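So this block is final34.pdb, PDB, C-alpha atoms and all ligand atoms:
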```
ATOM      1  CA  MET A   1       0.000   0.000   0.000  1.00  0.00           C
ATOM      2  CA  SER A   2       1.361   3.464  -0.797  1.00  0.00           C
ATOM      3  CA  GLU A   3       2.550   5.540   2.160  1.00  0.00           C
ATOM      4  CA  GLY A   4       0.338   8.496   2.980  1.00  0.00           C
ATOM      5  CA  ILE A   5      -1.248  10.491   5.758  1.00  0.00           C
ATOM      6  CA  LYS A   6      -4.445   8.422   5.950  1.00  0.00           C
ATOM      7  CA  GLY A   7      -5.413   5.749   8.463  1.00  0.00           C
ATOM      8  CA  PRO A   8      -5.673   5.367  12.228  1.00  0.00           C
ATOM      9  CA  ASP A   9      -2.798   6.121  14.596  1.00  0.00           C
ATOM     10  CA  TYR A  10      -1.709   3.356  16.948  1.00  0.00           C
ATOM     11  CA  VAL A  11      -3.189   3.465  20.422  1.00  0.00           C
ATOM     12  CA  GLN A  12      -0.630   3.371  23.240  1.00  0.00           C
ATOM     13  CA  THR A  13      -2.952   1.771  25.780  1.00  0.00           C
ATOM     14  CA  LYS A  14      -2.935  -2.018  26.002  1.00  0.00           C
ATOM     15  CA  PHE A  15      -6.372  -3.509  26.561  1.00  0.00           C
ATOM     16  CA  ASP A  16      -7.166  -6.885  28.098  1.00  0.00           C
ATOM     17  CA  ALA A  17      -9.395  -8.351  25.416  1.00  0.00           C
ATOM     18  CA  SER A  18      -9.684 -11.811  26.957  1.00  0.00           C
ATOM     19  CA  PRO A  19     -13.029 -11.242  28.729  1.00  0.00           C
ATOM     20  CA  LEU A  20     -14.648  -9.482  25.773  1.00  0.00           C
ATOM     21  CA  ARG A  21     -17.619 -10.796  23.831  1.00  0.00           C
ATOM     22  CA  VAL A  22     -17.828  -9.450  20.312  1.00  0.00           C
ATOM     23  CA  ALA A  23     -20.593 -10.047  17.762  1.00  0.00           C
ATOM     24  CA  ILE A  24     -19.846  -9.788  14.061  1.00  0.00           C
ATOM     25  CA  VAL A  25     -22.980  -9.191  12.009  1.00  0.00           C
ATOM     26  CA  HIS A  26     -22.306  -9.335   8.282  1.00  0.00           C
ATOM     27  CA  ALA A  27     -24.277  -8.988   5.063  1.00  0.00           C
ATOM     28  CA  ARG A  28     -24.069 -11.711   2.397  1.00  0.00           C
ATOM     29  CA  TRP A  29     -23.982  -9.426  -0.647  1.00  0.00           C
ATOM     30  CA  ASN A  30     -20.624  -9.351  -2.453  1.00  0.00           C
ATOM     31  CA  LYS A  31     -19.488 -12.587  -0.873  1.00  0.00           C
ATOM     32  CA  VAL A  32     -15.805 -12.646  -1.871  1.00  0.00           C
ATOM     33  CA  VAL A  33     -15.093  -9.302  -0.255  1.00  0.00           C
ATOM     34  CA  ILE A  34     -17.297 -10.030   2.749  1.00  0.00           C
ATOM     35  CA  GLU A  35     -15.533 -13.321   3.411  1.00  0.00           C
ATOM     36  CA  ALA A  36     -12.100 -11.667   3.387  1.00  0.00           C
ATOM     37  CA  LEU A  37     -13.278  -8.886   5.682  1.00  0.00           C
ATOM     38  CA  VAL A  38     -14.911 -11.258   8.169  1.00  0.00           C
ATOM     39  CA  ASN A  39     -11.812 -13.472   8.186  1.00  0.00           C
ATOM     40  CA  GLY A  40      -9.552 -10.438   8.673  1.00  0.00           C
ATOM     41  CA  THR A  41     -11.701  -9.229  11.531  1.00  0.00           C
ATOM     42  CA  ILE A  42     -11.722 -12.608  13.298  1.00  0.00           C
ATOM     43  CA  LYS A  43      -7.966 -13.069  12.834  1.00  0.00           C
ATOM     44  CA  ARG A  44      -7.179  -9.677  14.358  1.00  0.00           C
ATOM     45  CA  LEU A  45      -9.674 -10.091  17.222  1.00  0.00           C
ATOM     46  CA  LYS A  46      -7.919 -13.309  18.172  1.00  0.00           C
ATOM     47  CA  GLU A  47      -4.463 -11.727  17.863  1.00  0.00           C
ATOM     48  CA  LEU A  48      -5.639  -9.016  20.244  1.00  0.00           C
ATOM     49  CA  GLY A  49      -6.644 -11.644  22.779  1.00  0.00           C
ATOM     50  CA  VAL A  50     -10.373 -12.129  22.246  1.00  0.00           C
ATOM     51  CA  LYS A  51     -11.161 -15.792  22.883  1.00  0.00           C
ATOM     52  CA  GLU A  52     -12.776 -17.933  20.188  1.00  0.00           C
ATOM     53  CA  SER A  53     -15.684 -18.474  22.542  1.00  0.00           C
ATOM     54  CA  GLY A  54     -16.055 -14.696  22.779  1.00  0.00           C
ATOM     55  CA  ILE A  55     -16.701 -14.258  19.046  1.00  0.00           C
ATOM     56  CA  VAL A  56     -20.167 -14.773  17.579  1.00  0.00           C
ATOM     57  CA  VAL A  57     -20.860 -14.380  13.866  1.00  0.00           C
ATOM     58  CA  GLN A  58     -24.282 -13.828  12.355  1.00  0.00           C
ATOM     59  CA  SER A  59     -25.199 -13.187   8.720  1.00  0.00           C
ATOM     60  CA  VAL A  60     -28.073 -11.222   7.210  1.00  0.00           C
ATOM     61  CA  PRO A  61     -29.134 -10.866   3.553  1.00  0.00           C
ATOM     62  CA  GLY A  62     -27.787  -7.392   2.774  1.00  0.00           C
ATOM     63  CA  SER A  63     -26.355  -4.275   4.348  1.00  0.00           C
ATOM     64  CA  TYR A  64     -29.792  -2.740   4.704  1.00  0.00           C
ATOM     65  CA  GLU A  65     -30.587  -5.420   7.309  1.00  0.00           C
ATOM     66  CA  LEU A  66     -27.488  -4.705   9.426  1.00  0.00           C
ATOM     67  CA  PRO A  67     -28.886  -2.058  11.812  1.00  0.00           C
ATOM     68  CA  PHE A  68     -31.967  -4.108  12.679  1.00  0.00           C
ATOM     69  CA  ALA A  69     -29.893  -7.248  13.195  1.00  0.00           C
ATOM     70  CA  CYS A  70     -27.329  -5.431  15.367  1.00  0.00           C
ATOM     71  CA  SER A  71     -30.127  -3.997  17.451  1.00  0.00           C
ATOM     72  CA  LYS A  72     -31.714  -7.429  17.888  1.00  0.00           C
ATOM     73  CA  MET A  73     -28.389  -9.105  18.655  1.00  0.00           C
ATOM     74  CA  ILE A  74     -27.807  -6.607  21.445  1.00  0.00           C
ATOM     75  CA  ALA A  75     -31.375  -6.863  22.737  1.00  0.00           C
ATOM     76  CA  GLY A  76     -31.330 -10.656  22.455  1.00  0.00           C
ATOM     77  CA  SER A  77     -28.059 -10.918  24.316  1.00  0.00           C
ATOM     78  CA  HIS A  78     -29.710 -12.929  27.042  1.00  0.00           C
ATOM     79  CA  VAL A  79     -30.333 -15.910  24.731  1.00  0.00           C
ATOM     80  CA  GLN A  80     -28.250 -18.743  26.104  1.00  0.00           C
ATOM     81  CA  ALA A  81     -25.370 -20.576  24.505  1.00  0.00           C
ATOM     82  CA  GLY A  82     -25.843 -23.982  22.950  1.00  0.00           C
ATOM     83  CA  ALA A  83     -28.055 -22.967  20.074  1.00  0.00           C
ATOM     84  CA  SER A  84     -27.625 -24.613  16.699  1.00  0.00           C
ATOM     85  CA  ALA A  85     -25.053 -23.307  14.270  1.00  0.00           C
ATOM     86  CA  THR A  86     -25.475 -22.193  10.696  1.00  0.00           C
ATOM     87  CA  ASP A  87     -23.050 -21.409   7.864  1.00  0.00           C
ATOM     88  CA  LEU A  88     -21.259 -18.112   7.557  1.00  0.00           C
ATOM     89  CA  LEU A  89     -22.929 -17.410   4.248  1.00  0.00           C
ATOM     90  CA  GLY A  90     -25.808 -19.789   4.730  1.00  0.00           C
ATOM     91  CA  GLY A  91     -29.180 -19.713   6.353  1.00  0.00           C
ATOM     92  CA  LEU A  92     -30.207 -17.232   8.939  1.00  0.00           C
ATOM     93  CA  ASN A  93     -31.502 -18.765  12.128  1.00  0.00           C
ATOM     94  CA  PHE A  94     -31.375 -16.260  14.920  1.00  0.00           C
ATOM     95  CA  GLY A  95     -34.731 -15.341  16.277  1.00  0.00           C
ATOM     96  CA  SER A  96     -36.143 -18.592  14.934  1.00  0.00           C
ATOM     97  CA  SER A  97     -37.382 -21.447  17.037  1.00  0.00           C
ATOM     98  CA  THR A  98     -34.601 -23.769  15.877  1.00  0.00           C
ATOM     99  CA  PRO A  99     -34.173 -26.436  18.560  1.00  0.00           C
ATOM    100  CA  ARG A 100     -31.059 -26.168  20.673  1.00  0.00           C
ATOM    101  CA  SER A 101     -28.366 -28.671  19.849  1.00  0.00           C
ATOM    102  CA  SER A 102     -25.800 -30.268  22.117  1.00  0.00           C
ATOM    103  CA  THR A 103     -23.256 -30.161  19.256  1.00  0.00           C
ATOM    104  CA  PRO A 104     -20.876 -27.255  19.819  1.00  0.00           C
ATOM    105  CA  ALA A 105     -20.582 -24.718  17.015  1.00  0.00           C
ATOM    106  CA  PRO A 106     -17.393 -25.015  14.913  1.00  0.00           C
ATOM    107  CA  ALA A 107     -14.514 -22.893  16.224  1.00  0.00           C
ATOM    108  CA  PRO A 108     -13.922 -19.653  14.323  1.00  0.00           C
ATOM    109  CA  SER A 109     -10.696 -19.303  12.356  1.00  0.00           C
ATOM    110  CA  ALA A 110      -9.424 -17.499   9.316  1.00  0.00           C
ATOM    111  CA  SER A 111      -9.898 -20.639   7.236  1.00  0.00           C
ATOM    112  CA  ASN A 112     -13.139 -21.698   8.842  1.00  0.00           C
ATOM    113  CA  PRO A 113     -15.292 -18.788   9.897  1.00  0.00           C
ATOM    114  CA  VAL A 114     -18.397 -20.962   9.991  1.00  0.00           C
ATOM    115  CA  ILE A 115     -19.525 -19.998  13.434  1.00  0.00           C
ATOM    116  CA  ALA A 116     -22.877 -18.305  13.222  1.00  0.00           C
ATOM    117  CA  THR A 117     -24.909 -19.053  16.303  1.00  0.00           C
ATOM    118  CA  MET A 118     -27.840 -17.705  18.178  1.00  0.00           C
ATOM    119  CA  PRO A 119     -27.007 -14.578  20.199  1.00  0.00           C
ATOM    120  CA  GLN A 120     -24.815 -15.504  23.139  1.00  0.00           C
ATOM    121  CA  GLY A 121     -24.265 -12.164  24.762  1.00  0.00           C
ATOM    122  CA  PRO A 122     -24.174  -9.850  26.451  1.00  0.00           C
ATOM    123  CA  PHE A 123     -21.929  -8.316  23.821  1.00  0.00           C
ATOM    124  CA  ASP A 124     -19.297  -5.723  24.634  1.00  0.00           C
ATOM    125  CA  ALA A 125     -19.161  -4.601  21.000  1.00  0.00           C
ATOM    126  CA  VAL A 126     -20.797  -5.385  17.689  1.00  0.00           C
ATOM    127  CA  ILE A 127     -19.028  -5.129  14.329  1.00  0.00           C
ATOM    128  CA  ALA A 128     -21.398  -4.554  11.401  1.00  0.00           C
ATOM    129  CA  ILE A 129     -19.818  -5.653   8.119  1.00  0.00           C
ATOM    130  CA  GLY A 130     -21.269  -4.957   4.690  1.00  0.00           C
ATOM    131  CA  VAL A 131     -20.021  -4.195   1.200  1.00  0.00           C
ATOM    132  CA  LEU A 132     -22.003  -1.719  -0.845  1.00  0.00           C
ATOM    133  CA  ILE A 133     -20.874  -1.183  -4.422  1.00  0.00           C
ATOM    134  CA  LYS A 134     -22.375   1.604  -6.485  1.00  0.00           C
ATOM    135  CA  GLY A 135     -24.606   0.503  -9.346  1.00  0.00           C
ATOM    136  CA  SER A 136     -26.504   2.446 -11.971  1.00  0.00           C
ATOM    137  CA  THR A 137     -29.456   3.440  -9.767  1.00  0.00           C
ATOM    138  CA  MET A 138     -29.852   5.436  -6.558  1.00  0.00           C
ATOM    139  CA  HIS A 139     -30.037   2.252  -4.458  1.00  0.00           C
ATOM    140  CA  PHE A 140     -26.477   2.674  -3.241  1.00  0.00           C
ATOM    141  CA  GLU A 141     -26.992   6.211  -1.970  1.00  0.00           C
ATOM    142  CA  TYR A 142     -30.186   5.332  -0.082  1.00  0.00           C
ATOM    143  CA  ILE A 143     -28.721   2.236   1.566  1.00  0.00           C
ATOM    144  CA  CYS A 144     -25.404   3.942   2.472  1.00  0.00           C
ATOM    145  CA  GLU A 145     -27.147   6.849   4.086  1.00  0.00           C
ATOM    146  CA  SER A 146     -29.796   4.933   5.991  1.00  0.00           C
ATOM    147  CA  VAL A 147     -27.420   2.219   7.210  1.00  0.00           C
ATOM    148  CA  SER A 148     -24.750   4.608   8.448  1.00  0.00           C
ATOM    149  CA  HIS A 149     -27.284   6.733  10.336  1.00  0.00           C
ATOM    150  CA  ALA A 150     -29.086   3.692  11.743  1.00  0.00           C
ATOM    151  CA  LEU A 151     -25.902   1.990  12.965  1.00  0.00           C
ATOM    152  CA  MET A 152     -24.943   5.186  14.783  1.00  0.00           C
ATOM    153  CA  ARG A 153     -28.398   5.234  16.345  1.00  0.00           C
ATOM    154  CA  VAL A 154     -28.118   1.623  17.524  1.00  0.00           C
ATOM    155  CA  GLN A 155     -24.924   2.301  19.438  1.00  0.00           C
ATOM    156  CA  LEU A 156     -26.187   5.530  20.973  1.00  0.00           C
ATOM    157  CA  ASP A 157     -29.540   3.977  21.924  1.00  0.00           C
ATOM    158  CA  THR A 158     -28.095   0.777  23.390  1.00  0.00           C
ATOM    159  CA  GLY A 159     -24.802   1.979  24.859  1.00  0.00           C
ATOM    160  CA  VAL A 160     -23.019  -0.894  23.122  1.00  0.00           C
ATOM    161  CA  PRO A 161     -20.373   0.237  20.618  1.00  0.00           C
ATOM    162  CA  VAL A 162     -21.213  -0.667  17.024  1.00  0.00           C
ATOM    163  CA  VAL A 163     -18.216  -0.583  14.685  1.00  0.00           C
ATOM    164  CA  PHE A 164     -18.951   0.719  11.195  1.00  0.00           C
ATOM    165  CA  GLY A 165     -17.558  -2.016   9.004  1.00  0.00           C
ATOM    166  CA  VAL A 166     -19.479  -1.060   5.908  1.00  0.00           C
ATOM    167  CA  LEU A 167     -17.522  -0.415   2.723  1.00  0.00           C
ATOM    168  CA  THR A 168     -19.179   2.129   0.457  1.00  0.00           C
ATOM    169  CA  ALA A 169     -17.234   1.582  -2.750  1.00  0.00           C
ATOM    170  CA  LEU A 170     -17.678   3.259  -6.096  1.00  0.00           C
ATOM    171  CA  THR A 171     -16.066   0.346  -7.957  1.00  0.00           C
ATOM    172  CA  ASP A 172     -15.416  -3.371  -7.483  1.00  0.00           C
ATOM    173  CA  GLU A 173     -11.677  -2.646  -7.345  1.00  0.00           C
ATOM    174  CA  GLN A 174     -12.124  -0.182  -4.465  1.00  0.00           C
ATOM    175  CA  ALA A 175     -13.986  -2.836  -2.492  1.00  0.00           C
ATOM    176  CA  LEU A 176     -11.377  -5.530  -3.258  1.00  0.00           C
ATOM    177  CA  GLU A 177      -8.493  -3.249  -2.221  1.00  0.00           C
ATOM    178  CA  ARG A 178     -10.133  -2.517   1.119  1.00  0.00           C
ATOM    179  CA  ALA A 179     -10.302  -6.238   1.815  1.00  0.00           C
ATOM    180  CA  GLY A 180      -6.654  -6.787   0.844  1.00  0.00           C
ATOM    181  CA  LEU A 181      -7.728  -8.417  -2.426  1.00  0.00           C
ATOM    182  CA  GLY A 182      -6.658  -5.713  -4.883  1.00  0.00           C
ATOM    183  CA  THR A 183      -5.747  -7.011  -8.309  1.00  0.00           C
ATOM    184  CA  GLY A 184      -3.186  -4.298  -9.154  1.00  0.00           C
ATOM    185  CA  LYS A 185       0.365  -4.155  -7.814  1.00  0.00           C
ATOM    186  CA  ASP A 186      -1.103  -2.854  -4.561  1.00  0.00           C
ATOM    187  CA  LYS A 187      -3.316  -5.522  -2.966  1.00  0.00           C
ATOM    188  CA  GLY A 188      -4.567  -2.991  -0.422  1.00  0.00           C
ATOM    189  CA  HIS A 189      -5.230  -3.430   3.255  1.00  0.00           C
ATOM    190  CA  ASN A 190      -7.857  -5.574   4.963  1.00  0.00           C
ATOM    191  CA  HIS A 191     -10.020  -3.109   6.865  1.00  0.00           C
ATOM    192  CA  GLY A 192     -11.429  -5.912   8.970  1.00  0.00           C
ATOM    193  CA  GLU A 193      -8.240  -5.675  11.025  1.00  0.00           C
ATOM    194  CA  ASP A 194      -8.932  -2.018  11.839  1.00  0.00           C
ATOM    195  CA  TRP A 195     -12.522  -2.844  12.759  1.00  0.00           C
ATOM    196  CA  ALA A 196     -11.332  -5.527  15.188  1.00  0.00           C
ATOM    197  CA  GLU A 197      -9.011  -2.998  16.822  1.00  0.00           C
ATOM    198  CA  ALA A 198     -11.788  -0.417  17.065  1.00  0.00           C
ATOM    199  CA  ALA A 199     -14.095  -3.000  18.656  1.00  0.00           C
ATOM    200  CA  VAL A 200     -11.575  -4.026  21.317  1.00  0.00           C
ATOM    201  CA  GLU A 201     -10.715  -0.431  22.163  1.00  0.00           C
ATOM    202  CA  MET A 202     -14.309   0.787  22.314  1.00  0.00           C
ATOM    203  CA  ALA A 203     -15.517  -2.265  24.255  1.00  0.00           C
ATOM    204  CA  SER A 204     -12.711  -1.832  26.787  1.00  0.00           C
ATOM    205  CA  ARG A 205     -13.186   1.918  27.114  1.00  0.00           C
ATOM    206  CA  THR A 206     -16.943   1.483  27.516  1.00  0.00           C
ATOM    207  CA  LYS A 207     -16.337  -0.779  30.526  1.00  0.00           C
ATOM    208  CA  LEU A 208     -14.112   1.945  32.060  1.00  0.00           C
ATOM    209  CA  TRP A 209     -16.595   4.723  31.292  1.00  0.00           C
ATOM    210  CA  SER A 210     -19.599   2.843  32.696  1.00  0.00           C
TER     211      SER A 210
HETATM  212  C1  LIG B   1     -30.476  -4.561  -3.244  1.00  0.00           C
HETATM  213  C2  LIG B   1     -29.022  -4.427  -2.922  1.00  0.00           C
HETATM  214  C3  LIG B   1     -28.146  -3.845  -3.852  1.00  0.00           C
HETATM  215  C4  LIG B   1     -28.604  -3.330  -5.176  1.00  0.00           C
HETATM  216  N1  LIG B   1     -26.842  -3.739  -3.608  1.00  0.00           N
HETATM  217  C5  LIG B   1     -26.351  -4.188  -2.408  1.00  0.00           C
HETATM  218  C6  LIG B   1     -24.976  -4.085  -2.127  1.00  0.00           C
HETATM  219  O1  LIG B   1     -24.133  -3.637  -2.927  1.00  0.00           O
HETATM  220  N2  LIG B   1     -24.560  -4.512  -0.898  1.00  0.00           N
HETATM  221  C7  LIG B   1     -25.406  -5.023   0.043  1.00  0.00           C
HETATM  222  O2  LIG B   1     -24.971  -5.373   1.149  1.00  0.00           O
HETATM  223  N3  LIG B   1     -26.733  -5.152  -0.230  1.00  0.00           N
HETATM  224  C8  LIG B   1     -27.218  -4.760  -1.429  1.00  0.00           C
HETATM  225  N4  LIG B   1     -28.547  -4.877  -1.710  1.00  0.00           N
HETATM  226  C9  LIG B   1     -29.430  -5.598  -0.764  1.00  0.00           C
HETATM  227  C10 LIG B   1     -29.997  -4.706   0.346  1.00  0.00           C
HETATM  228  O3  LIG B   1     -28.997  -4.361   1.288  1.00  0.00           O
HETATM  229  C11 LIG B   1     -31.141  -5.431   1.087  1.00  0.00           C
HETATM  230  O4  LIG B   1     -30.701  -6.707   1.502  1.00  0.00           O
HETATM  231  C12 LIG B   1     -32.369  -5.615   0.234  1.00  0.00           C
HETATM  232  O5  LIG B   1     -32.795  -4.398  -0.316  1.00  0.00           O
HETATM  233  C13 LIG B   1     -33.527  -6.221   1.067  1.00  0.00           C
HETATM  234  O6  LIG B   1     -33.901  -5.333   2.117  1.00  0.00           O
END
```

So, in terms of structure tokens, how does the structure I just supplied come out?
Ligand code: DLZ
Amino acid sequence: MSEGIKGPDYVQTKFDASPLRVAIVHARWNKVVIEALVNGTIKRLKELGVKESGIVVQSVPGSYELPFACSKMIAGSHVQAGASATDLLGGLNFGSSTPRSSTPAPAPSASNPVIATMPQGPFDAVIAIGVLIKGSTMHFEYICESVSHALMRVQLDTGVPVVFGVLTALTDEQALERAGLGTGKDKGHNHGEDWAEAAVEMASRTKLWS
């Protein structure tokens, strides 16, 4: 990636991420980019010390559904562990009456992020991940605007930090680069890593501020 003035500065404070519970809620549109971003987020969360058991992943159809799902994940935090699992990019089962299973959900990893489960909160932070790519209609503008405002509202209304992991790209290449999948000589940087860092910092600070 070319050197420049953009991007977050490093935080000097070291946070103990081991007790944190973080929910990743991701859209399924633009799967290749989404998968890389979710994997990058999980990898960095684990590097920062968040336990596998502290990471819950849930998918929704598209970015427009993210604010509602984040809100419900936070509100449904009391739902107990042990619920059945579903694929990362597969069926949606939270809020359904799917019977609880004694089979543990697969462990999350960069190569196997198949860990969607029922809400198992309370969550210290939620990371909303979506990839919006501009098309030929106004759809993009409406979804970008409503989703960004609504995600802000969810965190202010609930007091649980919601990280804005929504790419609003004008081209496919812009989206790929921001997931570290650029096809030019610069592959770009996986923004999921930054979102993981933001989640750990905001979750930890929220505990101190409360
Ligand atoms: C409809 C739509 C379009 C055109 N583009 C995207 C996109 O680029 N990224 C994304 O996450 N979702 C897209 N969607 C789907 C909407 O977010 C939403 O799922 C549907 O309108 C149903 O509410």

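For the choices A:Ser148, A:Ser18, A:Thr168, A:Gln58, the atom-to-atom distance to ligand LIG 1 (chain B) is smallest for A:Thr168 when using all atoms listed in the file.
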
Counting only C-alpha atoms and all ligand atoms, the option among A:Tyr10, A:Phe140, A:Phe68, A:Phe15 closest to ligand LIG 1 (chain B):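 The shortest atom-to-atom distance to ligand LIG 1 (chain B) comes from A:Phe140.
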
Go through the chains and note each residue within 8 Å of ligand LIG 1 (chain B), using all atoms listed in the file, then give the set as number ranges by chain. A: 27-30, 60-65, 130-135, 139-140, 143

With the file shown as input, list the residues that the PyMOL selection byres (((chain A and resi 179-196) around 6) and not hetatm) selects, as a PyMOL selection string. chain A and resi 1+36-37+40-41+44-45+176-178+197-199

Output of the above residues as a PDB file, in the coordinates of the input, restricted to C-alpha atoms:
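result.pdb written:
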```pdb
ATOM      1  CA  MET A   1       0.000   0.000   0.000  1.00  0.00           C
ATOM      2  CA  ALA A  36     -12.100 -11.667   3.387  1.00  0.00           C
ATOM      3  CA  LEU A  37     -13.278  -8.886   5.682  1.00  0.00           C
ATOM      4  CA  GLY A  40      -9.552 -10.438   8.673  1.00  0.00           C
ATOM      5  CA  THR A  41     -11.701  -9.229  11.531  1.00  0.00           C
ATOM      6  CA  ARG A  44      -7.179  -9.677  14.358  1.00  0.00           C
ATOM      7  CA  LEU A  45      -9.674 -10.091  17.222  1.00  0.00           C
ATOM      8  CA  LEU A 176     -11.377  -5.530  -3.258  1.00  0.00           C
ATOM      9  CA  GLU A 177      -8.493  -3.249  -2.221  1.00  0.00           C
ATOM     10  CA  ARG A 178     -10.133  -2.517   1.119  1.00  0.00           C
ATOM     11  CA  GLU A 197      -9.011  -2.998  16.822  1.00  0.00           C
ATOM     12  CA  ALA A 198     -11.788  -0.417  17.065  1.00  0.00           C
ATOM     13  CA  ALA A 199     -14.095  -3.000  18.656  1.00  0.00           C
TER      14      ALA A 199
END
```

Nearest to A:Gln120: which of A:Leu156, A:Val32, A:Ile55, A:Ile5 is it, counting all atoms listed in the file? A:Ile55

Using the chain letters and numbers from the file, which residues does the PyMOL selection byres (((chain A and resi 163) around 9) and not hetatm) grab, as a list in words? Ala125, Val126, Ile127, Ala128, Ile129, Leu151, Met152, Gln155, Pro161, Val162, Phe164, Gly165, Val166, Trp195, Ala196, Ala198, Ala199 and Met202 of chain A

Nearest-residue call for A:Lys72, choices A:Glu35, A:Thr137, A:Ala17, A:Thr158, using only C-alpha atoms: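 Answer, going by the shortest atom-to-atom distance: A:Thr158.
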